[in-house]
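Engineer: Please find upload.txt (compact mmCIF, C-alpha atoms) on the next line:
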```
# COMPACT_ATOMS: atom_id res chain seq x y z
CA MET T 110 -39.82 -68.53 42.39
CA GLU T 111 -37.23 -65.94 43.36
CA SER T 112 -34.70 -65.13 40.66
CA THR T 113 -32.04 -62.54 39.81
CA CYS T 114 -32.17 -60.37 36.74
CA LEU T 115 -29.22 -60.88 34.45
CA TYR T 116 -29.18 -57.20 33.54
CA CYS T 117 -29.99 -55.17 36.64
CA GLU T 118 -29.14 -57.95 39.10
CA GLY T 119 -32.32 -57.22 40.98
CA HIS T 120 -34.32 -59.96 42.60
CA PHE T 121 -37.66 -60.76 41.14
CA THR T 122 -40.28 -63.43 41.31
CA ALA T 123 -40.34 -65.44 38.13
CA ILE T 124 -43.32 -67.39 36.95
CA ARG T 125 -41.25 -69.49 34.56
CA SER T 126 -38.06 -71.13 35.64
CA SER T 127 -36.20 -70.01 32.51
CA LYS T 128 -36.95 -66.31 32.95
CA LYS T 129 -33.70 -64.38 33.03
CA TYR T 130 -34.77 -60.78 33.07
CA CYS T 131 -37.06 -59.05 35.50
CA SER T 132 -38.77 -57.01 32.84
CA ASP T 133 -39.04 -56.50 29.10
CA ASN T 134 -37.06 -53.34 29.56
CA CYS T 135 -34.12 -55.18 31.09
CA LYS T 136 -34.31 -57.75 28.36
CA GLN T 137 -34.12 -55.04 25.69
CA MET T 138 -31.36 -53.19 27.49
CA ALA T 139 -29.35 -56.38 27.81
CA TYR T 140 -29.72 -56.90 24.11
CA PHE T 141 -28.53 -53.37 23.45
CA LYS T 142 -25.62 -53.87 25.81
CA ARG T 143 -24.53 -57.02 24.04
CA ASN T 144 -24.56 -55.14 20.79
CA GLY T 145 -22.68 -52.22 22.19
CA LEU T 146 -25.65 -49.90 21.91
CA VAL T 147 -26.66 -47.38 24.52
CA LEU T 148 -29.85 -45.37 24.37
CA SER T 149 -29.28 -41.66 24.26
CA GLY T 150 -29.37 -40.16 27.73
CA THR T 151 -29.42 -43.52 29.53
CA THR T 152 -26.51 -45.49 30.85
CA GLU T 153 -28.39 -47.67 33.26
CA VAL T 154 -31.87 -49.02 33.33
CA GLU T 155 -34.32 -46.42 34.41
CA PRO T 156 -35.75 -47.55 37.73
CA SER T 157 -39.16 -46.26 36.86
CA LEU T 158 -39.34 -48.70 34.00
CA ASN T 159 -38.76 -51.73 36.16
CA VAL T 160 -41.65 -54.06 36.43
CA PRO T 161 -42.84 -54.25 40.02
CA VAL T 162 -42.06 -57.44 41.83
CA VAL T 163 -44.85 -59.95 41.78
CA SER T 164 -45.35 -61.10 45.31
CA VAL T 165 -47.92 -63.80 44.63
CA LYS T 166 -46.23 -67.09 44.10
CA PRO T 167 -47.73 -69.62 41.70
CA ALA T 168 -49.08 -72.80 43.11
CA ALA T 169 -46.89 -75.22 41.18
CA THR T 170 -43.37 -74.13 40.26
CA ASN T 171 -40.12 -75.68 39.23
CA ASP T 172 -37.85 -73.69 41.48
CA VAL T 173 -34.53 -73.34 39.72
CA SER T 174 -32.31 -70.34 40.29
CA VAL T 175 -30.48 -68.78 37.37
CA LYS T 176 -27.52 -66.49 37.91
CA TYR T 177 -25.13 -64.94 35.47
CA ASP T 178 -21.53 -64.59 36.55
CA LYS T 179 -19.89 -61.83 34.62
CA GLU T 180 -16.32 -62.56 35.68
CA LYS T 181 -16.40 -66.25 34.85
CA ASN T 182 -18.74 -65.67 31.97
CA THR T 183 -20.95 -68.49 33.15
CA VAL T 184 -24.56 -68.91 34.00
CA LYS T 185 -25.50 -70.81 37.11
CA TYR T 186 -28.62 -72.76 36.31
CA GLY T 187 -29.80 -74.51 39.43
CA ASN T 188 -26.78 -76.52 40.53
CA GLU T 189 -25.22 -76.64 37.09
CA GLU T 190 -22.75 -74.16 35.81
CA LEU T 191 -23.04 -73.48 32.11
CA ASN T 192 -20.44 -71.90 29.88
CA VAL T 193 -21.45 -69.02 27.72
CA LYS T 194 -20.08 -68.89 24.23
CA TYR T 195 -19.29 -65.37 23.41
CA ASP T 196 -18.14 -64.51 19.96
CA LYS T 197 -16.38 -61.18 19.97
CA ASP T 198 -16.92 -60.60 16.30
CA GLU T 199 -20.58 -61.34 16.45
CA ARG T 200 -21.47 -59.83 19.77
CA SER T 201 -25.14 -60.57 19.78
CA GLU T 202 -24.69 -64.30 19.80
CA PHE T 203 -25.04 -66.01 23.12
CA GLU T 204 -25.51 -69.70 23.22
CA PHE T 205 -26.39 -71.70 26.28
CA VAL T 206 -24.83 -74.99 25.43
CA PRO T 207 -26.90 -77.72 27.00
CA LEU T 208 -30.07 -75.91 27.65
CA ALA T 209 -32.72 -75.70 25.02
CA ASP T 210 -33.90 -72.26 25.89
CA ALA T 211 -37.43 -71.06 26.10
CA GLU T 212 -39.32 -68.70 23.79
CA GLU T 213 -37.62 -65.61 25.10
CA GLU T 214 -34.24 -66.42 23.79
CA GLU T 215 -35.58 -67.71 20.50
CA THR T 216 -37.42 -64.52 19.78
CA GLU T 217 -34.45 -62.50 20.88
CA ILE T 218 -32.10 -64.33 18.54
CA ALA T 219 -34.60 -64.10 15.73
CA GLU T 220 -34.84 -60.37 16.24
CA SER T 221 -31.12 -59.94 16.38
CA ASN T 222 -30.70 -61.98 13.20
CA ASN T 223 -33.13 -59.76 11.37
CA ILE T 224 -31.34 -56.64 12.50
CA ARG T 225 -28.00 -58.07 11.54
CA GLU T 226 -29.26 -58.85 8.07
CA ILE T 227 -30.48 -55.31 7.66
CA GLN T 228 -27.22 -53.94 8.98
CA LYS T 229 -25.26 -56.10 6.62
CA GLU T 230 -27.30 -54.88 3.72
CA THR T 231 -26.80 -51.26 4.62
CA GLN T 232 -23.11 -51.71 5.33
CA LYS T 233 -22.39 -53.06 1.90
CA VAL T 234 -19.58 -51.06 0.40
CA GLU T 235 -20.79 -48.92 -2.43
CA PRO T 236 -18.79 -46.88 -4.90
CA ILE T 237 -18.02 -43.38 -3.63
CA LYS T 238 -19.88 -41.66 -6.42
CA SER T 239 -23.12 -43.50 -5.87
CA SER T 240 -22.92 -43.04 -2.10
CA LEU T 241 -22.42 -39.33 -2.61
CA LYS T 242 -25.43 -39.21 -4.87
CA VAL T 243 -27.51 -40.97 -2.25
CA GLY T 244 -26.22 -38.58 0.39
CA GLN T 245 -27.05 -35.62 -1.79
CA LYS T 246 -30.55 -36.91 -2.47
CA GLN T 247 -31.12 -37.50 1.21
CA GLU T 248 -29.88 -33.98 1.97
CA GLU T 249 -32.23 -32.60 -0.65
CA GLU T 250 -35.18 -34.58 0.60
CA ASN T 251 -34.63 -34.22 4.32
CA GLY T 252 -33.19 -30.69 4.50
CA PRO T 253 -35.44 -27.72 5.29
CA ARG T 254 -37.31 -26.43 2.27
CA TYR T 255 -36.05 -23.31 0.53
CA LYS T 256 -37.91 -20.23 1.57
CA TRP T 257 -38.74 -18.21 -1.51
CA ILE T 258 -38.15 -14.49 -1.06
CA ASN T 259 -40.32 -12.01 -2.89
CA SER T 260 -39.28 -8.48 -3.70
CA LYS T 261 -41.36 -5.89 -1.90
CA LEU T 262 -41.30 -3.51 -4.84
CA ILE T 263 -42.34 -6.14 -7.36
CA GLY T 264 -45.08 -7.28 -4.98
CA LEU T 265 -46.40 -3.74 -4.80
CA ILE T 266 -46.32 -3.36 -8.57
CA GLU T 267 -48.29 -6.57 -9.00
CA LYS T 268 -50.75 -5.43 -6.36
CA GLN T 269 -51.22 -2.16 -8.22
CA TYR T 270 -51.81 -4.08 -11.41
CA GLU T 271 -54.57 -6.06 -9.76
CA GLN T 272 -56.18 -3.06 -8.12
CA ASN T 273 -55.78 -0.33 -10.64
CA SER T 274 -55.66 -1.88 -14.04
CA GLY T 275 -56.50 0.69 -16.69
CA GLY T 276 -57.89 -2.03 -18.95
CA ILE T 277 -59.67 -0.86 -22.04
CA LYS T 278 -59.50 2.79 -20.87
CA ILE T 279 -55.80 2.74 -21.63
CA LYS T 280 -55.71 0.01 -24.24
CA ASP T 281 -58.10 1.62 -26.63
CA PRO T 282 -59.40 5.02 -25.49
CA PHE T 283 -61.22 5.59 -28.78
CA GLU T 284 -63.43 2.59 -28.07
CA TYR T 285 -64.20 3.55 -24.49
CA TRP T 286 -64.61 7.33 -24.72
CA GLU T 287 -66.03 9.70 -27.25
CA TYR T 288 -63.71 10.89 -29.98
CA GLU T 289 -62.93 14.32 -28.50
CA ASP T 290 -62.34 12.94 -25.01
CA ALA T 291 -60.23 10.11 -26.35
CA LYS T 292 -58.13 12.59 -28.33
CA ARG T 293 -57.43 14.58 -25.17
CA ILE T 294 -56.68 11.42 -23.23
CA VAL T 295 -54.16 10.28 -25.79
CA TRP T 296 -52.51 13.71 -25.66
CA VAL T 297 -52.30 13.64 -21.86
CA ASN T 298 -51.24 9.98 -21.74
CA THR T 299 -48.32 10.58 -24.09
CA ARG T 300 -47.03 13.38 -21.89
CA PHE T 301 -47.74 11.61 -18.64
CA ARG T 302 -45.85 8.54 -19.84
CA CYS T 303 -42.86 10.71 -20.60
CA LEU T 304 -43.02 12.43 -17.22
CA ALA T 305 -43.57 9.20 -15.29
CA GLU T 306 -40.53 7.69 -16.99
CA GLY T 307 -38.56 10.80 -16.10
CA LEU T 308 -39.56 10.55 -12.44
CA ILE T 309 -38.73 6.84 -12.22
CA LYS T 310 -35.34 7.45 -13.81
CA LEU T 311 -34.61 10.37 -11.54
CA SER T 312 -35.52 8.35 -8.46
CA ASN T 313 -32.91 5.78 -9.47
CA TYR T 314 -30.19 8.40 -9.54
CA SER T 315 -28.30 9.19 -6.39
CA ARG T 316 -28.55 12.95 -6.99
CA ILE T 317 -30.14 15.28 -9.50
CA ASP T 318 -29.39 18.92 -10.24
CA GLN T 319 -31.69 21.80 -9.50
CA HIS T 320 -32.22 22.55 -13.18
CA THR T 321 -33.64 19.09 -13.88
CA LEU T 322 -36.07 19.35 -11.00
CA LEU T 323 -37.13 22.77 -12.22
CA CYS T 324 -37.76 21.53 -15.77
CA VAL T 325 -39.80 18.52 -14.59
CA THR T 326 -41.90 20.64 -12.25
CA ASP T 327 -42.49 23.13 -15.04
CA ALA T 328 -43.54 20.34 -17.40
CA PHE T 329 -46.04 19.05 -14.81
CA LYS T 330 -47.36 22.57 -14.37
CA ARG T 331 -47.90 22.92 -18.08
CA LEU T 332 -49.66 19.59 -18.23
CA VAL T 333 -51.97 20.31 -15.29
CA THR T 334 -52.87 23.77 -16.55
CA SER T 335 -53.47 22.62 -20.12
CA THR T 336 -56.96 22.80 -21.59
CA SER T 337 -56.90 19.13 -22.53
CA PHE T 338 -56.17 18.11 -18.93
CA ASN T 339 -58.94 20.29 -17.57
CA LYS T 340 -61.42 18.88 -20.04
CA LEU T 341 -60.60 15.27 -19.27
CA PRO T 342 -63.60 13.06 -18.48
CA ASN T 343 -64.25 12.44 -14.79
CA ASP T 344 -63.44 8.73 -14.97
CA TYR T 345 -59.95 9.30 -16.36
CA PRO T 346 -57.86 7.09 -14.02
CA PHE T 347 -54.68 9.14 -13.59
CA ARG T 348 -56.02 12.64 -12.98
CA GLU T 349 -55.55 12.61 -9.16
CA LEU T 350 -52.13 11.07 -9.39
CA ILE T 351 -50.89 13.71 -11.84
CA ILE T 352 -52.13 16.50 -9.58
CA GLU T 353 -50.59 14.85 -6.50
CA LEU T 354 -47.25 14.55 -8.26
CA PHE T 355 -47.37 18.16 -9.38
CA LEU T 356 -48.11 19.37 -5.84
CA GLY T 357 -45.36 17.17 -4.42
CA LEU T 358 -42.79 18.47 -6.88
CA ASN T 359 -43.80 22.06 -6.19
CA LYS T 360 -43.40 21.48 -2.48
CA MET T 361 -40.00 19.90 -3.00
CA LEU T 362 -38.90 22.77 -5.18
CA ALA T 363 -39.99 25.27 -2.56
CA GLU T 364 -38.14 23.42 0.22
CA LYS T 365 -35.00 22.30 -1.55
CA GLY T 366 -34.89 24.54 -4.59
CA HIS T 367 -31.92 26.47 -3.24
CA LEU T 368 -29.68 23.38 -3.35
CA LYS T 369 -27.61 22.86 -6.45
CA MET T 370 -27.72 19.05 -6.20
CA LEU T 371 -30.39 17.14 -4.33
CA ALA T 372 -31.50 13.58 -3.71
CA PHE T 373 -34.81 12.80 -5.36
CA LYS T 374 -36.53 9.78 -3.86
CA LEU T 375 -39.99 8.31 -4.23
CA THR T 376 -41.66 6.11 -1.64
CA LYS T 377 -41.87 2.42 -2.59
CA GLU T 378 -45.65 2.64 -2.95
CA ARG T 379 -45.47 5.72 -5.17
CA LYS T 380 -42.70 4.23 -7.27
CA ALA T 381 -44.59 0.96 -7.68
CA HIS T 382 -47.67 2.90 -8.75
CA LEU T 383 -45.71 4.89 -11.31
CA ILE T 384 -43.93 1.82 -12.66
CA CYS T 385 -47.27 0.03 -13.00
CA ILE T 386 -48.90 2.92 -14.88
CA ARG T 387 -45.89 3.45 -17.08
CA HIS T 388 -45.82 -0.28 -17.88
CA GLN T 389 -49.45 -0.14 -18.94
CA LEU T 390 -48.96 3.02 -20.99
CA MET T 391 -45.82 1.61 -22.59
CA HIS T 392 -47.77 -0.76 -24.83
CA HIS T 393 -50.42 1.69 -25.98
CA THR T 394 -48.81 5.13 -26.05
CA THR T 395 -46.12 6.47 -28.30
CA GLU T 396 -42.74 7.10 -26.77
CA ILE T 397 -41.37 10.63 -27.03
CA LYS T 398 -38.21 11.83 -25.33
CA PHE T 399 -38.50 14.53 -22.70
CA SER T 400 -36.22 16.81 -24.70
CA GLU T 401 -38.45 16.45 -27.77
CA ILE T 402 -41.92 16.65 -26.29
CA ASP T 403 -43.90 19.87 -26.00
CA PHE T 404 -46.75 20.68 -23.70
CA ILE T 405 -48.47 23.11 -26.02
CA GLU T 406 -51.79 21.90 -27.25
CA ASP T 407 -52.77 21.79 -30.88
CA LYS T 408 -53.93 25.12 -32.05
CA THR T 409 -57.27 25.70 -33.59
CA HIS T 410 -57.59 25.94 -37.34
CA GLU T 411 -57.47 29.76 -37.22
CA GLY T 412 -54.35 29.74 -35.12
CA LYS T 413 -52.64 27.40 -37.54
CA VAL T 414 -53.48 29.71 -40.43
CA GLN T 415 -52.07 32.69 -38.54
CA GLN T 416 -48.92 30.75 -37.81
CA LEU T 417 -48.50 29.91 -41.48
CA ILE T 418 -48.96 33.57 -42.39
CA SER T 419 -46.43 34.75 -39.83
CA GLY T 420 -44.05 31.99 -40.91
CA LYS T 421 -42.77 31.35 -37.40
CA ASN T 422 -42.68 27.89 -36.00
CA GLU T 423 -43.41 28.70 -32.40
CA THR T 424 -44.05 25.12 -31.37
CA GLU T 425 -40.53 24.15 -32.29
CA LYS T 426 -39.17 27.17 -30.55
CA LYS T 427 -41.08 26.57 -27.35
CA SER T 428 -40.14 22.90 -27.09
CA ASP T 429 -36.52 23.94 -26.84
CA TRP T 430 -35.41 23.82 -23.18
CA ARG T 431 -33.22 26.86 -23.51
CA TYR T 432 -36.34 28.79 -24.46
CA ARG T 433 -38.17 27.42 -21.41
CA TYR T 434 -35.27 28.23 -19.13
CA GLU T 435 -35.21 31.78 -20.39
CA ALA T 436 -38.97 31.99 -19.90
CA LEU T 437 -38.59 30.85 -16.30
CA LYS T 438 -35.87 33.43 -15.78
CA LYS T 439 -38.17 36.08 -17.11
CA GLN T 440 -40.87 34.98 -14.71
CA GLY T 441 -38.40 35.60 -11.92
CA LEU T 442 -38.42 32.00 -10.70
CA LEU T 443 -34.69 31.50 -11.03
CA LYS T 444 -33.89 34.99 -9.86
CA SER T 445 -35.68 34.51 -6.58
CA GLN T 446 -33.87 31.20 -6.02
CA GLN T 447 -30.49 32.83 -6.68
CA GLN T 448 -31.38 35.48 -4.17
CA ASN T 449 -32.32 32.83 -1.66
CA LYS T 450 -29.02 31.13 -2.25
CA ALA T 451 -27.09 34.36 -1.76
CA ALA T 452 -29.00 35.04 1.45
CA MET M 208 -16.80 -41.58 11.79
CA LYS M 209 -16.29 -38.53 9.65
CA LEU M 210 -17.51 -38.98 6.11
CA HIS M 211 -15.06 -37.77 3.53
CA ILE M 212 -16.67 -36.15 0.54
CA TYR M 213 -14.75 -36.35 -2.65
CA LYS M 214 -15.69 -33.97 -5.39
CA THR M 215 -15.69 -35.42 -8.83
CA LYS M 216 -14.67 -33.37 -11.83
CA GLU M 217 -18.31 -33.15 -12.84
CA MET M 218 -19.19 -31.62 -9.49
CA GLU M 219 -16.35 -29.12 -9.60
CA ASN M 220 -17.68 -27.84 -12.87
CA LYS M 221 -20.88 -26.90 -11.12
CA LEU M 222 -19.18 -24.38 -8.86
CA ILE M 223 -19.79 -21.18 -10.75
CA VAL M 224 -19.38 -17.46 -10.27
CA LYS M 225 -22.22 -15.29 -11.55
CA HIS M 226 -22.11 -11.54 -12.00
CA TYR M 227 -25.18 -9.49 -11.23
CA LYS M 228 -25.96 -5.80 -11.36
CA ILE M 229 -28.26 -5.04 -8.47
CA PRO M 230 -30.27 -1.82 -8.50
CA GLU M 231 -30.90 -0.07 -5.20
CA ASP M 232 -34.58 -1.07 -5.31
CA LEU M 233 -33.72 -4.77 -5.08
CA LEU M 234 -30.59 -4.66 -2.98
CA MET M 235 -32.20 -5.68 0.30
CA ASP M 236 -34.13 -8.53 -1.31
CA ILE M 237 -31.04 -9.95 -2.96
CA LEU M 238 -28.97 -9.62 0.21
CA ARG M 239 -31.68 -11.41 2.15
CA ILE M 240 -31.37 -14.35 -0.23
CA LEU M 241 -27.58 -14.39 -0.04
CA PHE M 242 -27.34 -14.14 3.73
CA GLY M 243 -30.27 -16.45 4.34
CA ASN M 244 -28.61 -19.25 2.38
CA ASN M 245 -24.98 -18.59 3.33
CA ILE M 246 -23.99 -17.94 -0.25
CA LYS M 247 -20.55 -16.49 -0.81
CA HIS M 248 -20.66 -13.15 -2.55
CA LYS M 249 -18.52 -10.12 -3.11
CA ILE M 250 -19.36 -6.58 -4.07
CA ILE M 251 -16.84 -5.73 -6.74
CA GLY M 252 -18.07 -2.34 -7.81
CA ILE M 253 -20.63 0.40 -7.53
CA GLN M 254 -22.11 2.70 -10.09
CA GLU M 255 -22.70 5.74 -7.97
CA ARG M 256 -24.76 7.77 -10.38
CA ARG M 257 -27.32 5.07 -11.06
CA ASN M 258 -27.24 3.50 -7.59
CA ILE M 259 -26.32 0.08 -8.90
CA ILE M 260 -23.86 -2.39 -7.40
CA LEU M 261 -21.98 -5.13 -9.20
CA LEU M 262 -22.01 -8.39 -7.31
CA ASN M 263 -20.05 -11.61 -7.77
CA VAL M 264 -21.92 -14.60 -6.41
CA ASN M 265 -20.29 -18.01 -5.90
CA LEU M 266 -22.86 -20.71 -6.50
CA ASP M 267 -22.60 -24.44 -5.99
CA LEU M 268 -25.08 -25.91 -8.42
CA ASN M 269 -24.82 -29.31 -6.74
CA SER M 270 -26.69 -27.88 -3.81
CA LEU M 271 -30.45 -27.63 -4.17
CA LYS M 272 -30.54 -24.56 -1.94
CA ASN M 273 -28.00 -22.76 -4.09
CA ARG M 274 -29.89 -23.62 -7.25
CA GLU M 275 -33.13 -22.34 -5.79
CA ALA M 276 -31.46 -19.19 -4.49
CA LYS M 277 -30.10 -18.58 -7.99
CA GLU M 278 -33.56 -19.02 -9.49
CA ASN M 279 -35.00 -16.72 -6.85
CA MET M 280 -32.49 -13.94 -7.52
CA GLU M 281 -32.77 -14.23 -11.27
CA GLY M 282 -36.55 -14.29 -11.05
CA ILE M 283 -36.58 -11.02 -9.15
CA LEU M 284 -34.10 -9.41 -11.54
CA THR M 285 -36.05 -10.59 -14.59
CA ASP M 286 -39.34 -9.25 -13.23
CA TYR M 287 -37.70 -5.93 -12.42
CA SER M 288 -36.14 -5.73 -15.89
CA GLU M 289 -39.52 -6.44 -17.44
CA TYR M 290 -41.25 -3.67 -15.51
CA MET M 291 -38.40 -1.24 -16.10
CA LYS M 292 -38.02 -2.08 -19.77
CA GLY M 293 -36.55 0.92 -21.55
CA LEU M 294 -35.84 2.76 -18.31
CA LEU M 295 -32.60 1.09 -17.40
CA GLY M 296 -30.95 2.13 -20.66
CA ASP M 297 -28.38 -0.40 -21.76
CA THR M 298 -28.03 -1.83 -18.30
CA VAL M 299 -28.28 -5.60 -18.23
CA LEU M 300 -28.82 -6.90 -14.72
CA MET M 301 -27.57 -10.43 -15.31
CA LEU M 302 -24.17 -10.43 -16.94
CA ASP M 303 -22.52 -13.32 -18.74
CA GLU M 304 -19.12 -14.52 -17.67
CA ASP M 305 -17.48 -12.87 -20.66
CA ASP M 306 -19.06 -9.48 -20.05
CA GLU M 307 -16.77 -6.87 -18.69
CA GLU M 308 -17.70 -3.83 -16.75
CA ASN M 309 -15.59 -0.84 -17.55
CA GLU M 310 -17.78 1.75 -15.95
CA TYR M 311 -16.81 0.99 -12.36
```
As C-alpha cells, how would this structure be written, given the file I've shared?
Structural biologist:
Amino acid sequence: MESTCLYCEGHFTAIRSSKKYCSDNCKQMAYFKRNGLVLSGTTEVEPSLNVPVVSVKPAATNDVSVKYDKEKNTVKYGNEELNVKYDKDERSEFEFVPLADAEEEETEIAESNNIREIQKETQKVEPIKSSLKVGQKQEEENGPRYKWINSKLIGLIEKQYEQNSGGIKIKDPFEYWEYEDAKRIVWVNTRFRCLAEGLIKLSNYSRIDQHTLLCVTDAFKRLVTSTSFNKLPNDYPFRELIIELFLGLNKMLAEKGHLKMLAFKLTKERKAHLICIRHQLMHHTTEIKFSEIDFIEDKTHEGKVQQLISGKNETEKKSDWRYRYEALKKQGLLKSQQQNKAA
Amino acid sequence: MKLHIYKTKEMENKLIVKHYKIPEDLLMDILRILFGNNIKHKIIGIQERRNIILLNVNLDLNSLKNREAKENMEGILTDYSEYMKGLLGDTVLMLDEDDEENEY
C-alpha cells in the first residue's frame, strides 16, 4: 500500500493501513516538532536515516491512503476528512476524532504523557534559596575537579627528608657513635646548624653586604680546618656538604668580593637540602646565635691551666667579630680587596 | 532564559578578603593557584629587604574552587612556616584581618 509520510511527505509502502510515518525517525522527529523541540544541528530529517522503501507489496492489504493537510489541519483518511484537535497549550496532544488509532499513536501518547509528567515535576516552582542551593551543589558535583598545586621547594624538602634522613645519627649521636666521636659531632653540628641558618636567611634577603659574606666564609673556613671536623667519623652525613658550601662561598668571594653589596642566592635544590638538614638539627642541637658562637675548639687540660694562669679570656676575645675583622685585615684579605676595588 | 542569582545575606558574609605574606620562594606557586582559579588578588606591598610581598586575596567561600584554593595556599604557607621555624623572625605569613602592616 502506497502512503505519504506525515513528516517528510515522502511516499512509502506501508504494511499497515494506519501507518503514518515512513520510518521511526520521522515518527520521532514529528513528535519533537509537535513539542517545539529541534535536535541540535538538525532542522530537517536526515535523509540517510530514512528507511528504504519496501517494494514488496503484501498479499492482502486494506488499501487506505492517509494524508495530512497542514493548511486545513486535517487528515485525509481514505475518502474521509478528519479534523485534528490541536491544543496550543498542550502541544503534544493530537486526537483523531473518529478513528481508534493503532498501537503507534497509543505508545506515542503514552510516551509524551510520561515526559510531560517529568517536565511538570521539574518545573515546579521552588523557593529561590533552595534552587540556588541545588544549583550550587550541581556546580560543585559537575564542575571540573580542583587541581591541587604543590610547591616545588616544599616537594624538594620532603624528598630530601625521605632520601637523606639523619635518623639516629642526628637524634642521638652518643648512642650511635663512640663518646669521643659523638662529642666532636655535637660540636660540629652546633656550628653547622648556625651556619646553615645563616645561609638560608641570607638567601632570603635581596642583597647582602660584603662584610657579611666575608664573615660567613671565614666561619666556614674555621669549621672545615678545625681538628674536630678533620677527625669526624667517615659516615658523618654532612661532611661533603659542608666542604662544598665552603668551596662555593670561597669562589663567590673571589668573584664578587669587590662588590660592596651583592645578591646571594642558593639553587632550589641546595636550599631545600639546607632547610631539611637545619630542620633535623633544630630538634636535637642547641641554638646559638652567629654573633655569640666561636669556632675555637675546647683546649686541652694543660691549655686551660695556662689560660687561668695568664688570666686572659681569649675565647671571649676571639668570638668578638671586631677581633675577627681585625685579624682578617692583618692577614691582608681586606687590603687586597680594597686594592682590587681601587683598580 | 537567563537565571538570576540572588545573593542572600548569608552568602555575602562568605565573601572575604585574606591577607597573606608571600616569601619569594613560594611566589610562583601561590600565583599559579590564583591565576589558575581566577581569584581576585592585589599586591598591596613589598618588603624589599626580605623579598616578601603582601597580598590581598578576595575569596568567595560559597565556591568550592575558592575554598580549595584557600586551603591549598594556606597549606603551602603552613608547611613553609614549619620548615622555616625560627628563620622568618617575627614574620607571620597568614595575617588576621585586624593585623596591620606598618613595615611597607
Engineer: Which chain T residues are at most 7 Å from chain M (counting all atoms listed in the file), as a list in words?
Structural biologist: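 Output check: Glu249, Tyr255, Trp257, Ile258, Ser260, Ile263, Glu306, Lys310, Asn313, Tyr314, Ser315, Ile384 and His388 of chain T.
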Engineer: Determine the nearest neighbour of Tyr227 of chain M from the options M:Ile260, M:Leu266, M:Leu241, M:Met301, counting only C-alpha atoms.
Structural biologist: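 Residue with the minimum atom-to-atom distance to Tyr227 of chain M: M:Met301.
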Engineer: Grab the atom CA of Ala291 of chain T to atom CA of Leu358 of chain T distance for me, in Å with one decimal place.
Structural biologist: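 Computing it gives 27.4 Å between the two atoms.
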Engineer: From the set M:Ile246, M:Leu268, M:Leu261, M:Ile251, which residue has the shortest atom-to-atom contact distance to Lys228 of chain M, counting only C-alpha atoms?
Structural biologist: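 With only C-alpha atoms as the atom set, the closest residue is M:Leu261.
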Engineer: List as a PDB file with C-alpha atoms, in the frame of the given file the protein and nucleic acid residues near Thr321 of chain T, meaning an atom at most 12 Å away when all atoms listed in the file are counted, but skip any in the same chain fewer than 5 places from it.
Structural biologist:
```pdb
ATOM      1  CA  LEU T 304     -43.020  12.430 -17.220  1.00  0.00           C
ATOM      2  CA  GLY T 307     -38.560  10.800 -16.100  1.00  0.00           C
ATOM      3  CA  LEU T 308     -39.560  10.550 -12.440  1.00  0.00           C
ATOM      4  CA  LYS T 310     -35.340   7.450 -13.810  1.00  0.00           C
ATOM      5  CA  LEU T 311     -34.610  10.370 -11.540  1.00  0.00           C
ATOM      6  CA  ARG T 316     -28.550  12.950  -6.990  1.00  0.00           C
ATOM      7  CA  THR T 326     -41.900  20.640 -12.250  1.00  0.00           C
ATOM      8  CA  ASP T 327     -42.490  23.130 -15.040  1.00  0.00           C
ATOM      9  CA  ALA T 328     -43.540  20.340 -17.400  1.00  0.00           C
ATOM     10  CA  LEU T 358     -42.790  18.470  -6.880  1.00  0.00           C
ATOM     11  CA  LEU T 362     -38.900  22.770  -5.180  1.00  0.00           C
ATOM     12  CA  GLY T 366     -34.890  24.540  -4.590  1.00  0.00           C
ATOM     13  CA  LYS T 369     -27.610  22.860  -6.450  1.00  0.00           C
ATOM     14  CA  MET T 370     -27.720  19.050  -6.200  1.00  0.00           C
ATOM     15  CA  LEU T 371     -30.390  17.140  -4.330  1.00  0.00           C
ATOM     16  CA  ALA T 372     -31.500  13.580  -3.710  1.00  0.00           C
ATOM     17  CA  PHE T 373     -34.810  12.800  -5.360  1.00  0.00           C
ATOM     18  CA  PHE T 399     -38.500  14.530 -22.700  1.00  0.00           C
ATOM     19  CA  SER T 400     -36.220  16.810 -24.700  1.00  0.00           C
ATOM     20  CA  TRP T 430     -35.410  23.820 -23.180  1.00  0.00           C
ATOM     21  CA  TYR T 434     -35.270  28.230 -19.130  1.00  0.00           C
TER      22      TYR T 434
END
```
Engineer: Between atom CA of Leu300 of chain M and atom CA of Lys225 of chain M, what distance in Å does the model show, to one decimal?
Structural biologist: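 These atoms are spaced 11.1 Å apart.
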Engineer: Please, what distance in Å, to one decimal, runs between atom CA of Lys377 of chain T and atom CA of Ser312 of chain T?
Structural biologist: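 So the two atoms, atom CA of Lys377 of chain T and atom CA of Ser312 of chain T, lie 10.5 Å apart.
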Engineer: Within 7 Å of Lys249 of chain M, counting all atoms listed in the file, which residues qualify if same-chain residues fewer than 6 places away don't, as a ChimeraX atom specification?
Structural biologist: /M:262-264
Engineer: Residues at most 10 Å from segment 278-282 of chain T, counting all atoms listed in the file, excluding those fewer than 4 positions away in the same chain, as a PyMOL selection string?
Structural biologist: chain T and resi 274+286-288+290-295+298+344-346+386+389-390+392-394
Engineer: Of the residues M:Leu302, M:His226, M:Asp297, M:Thr285, which is the one nearest to His248 of chain M, using only C-alpha atoms?
Structural biologist: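 That would be M:His226, the residue with the smallest distance to His248 of chain M.
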Engineer: Using only C-alpha atoms, pick whichever of M:Val224, M:Leu238, M:Ile229, M:Ile253 has the shortest atom-to-atom distance to Asn265 of chain M.
Structural biologist: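 Between M:Val224, M:Leu238, M:Ile229, M:Ile253, the residue approaching Asn265 of chain M most closely is M:Val224.
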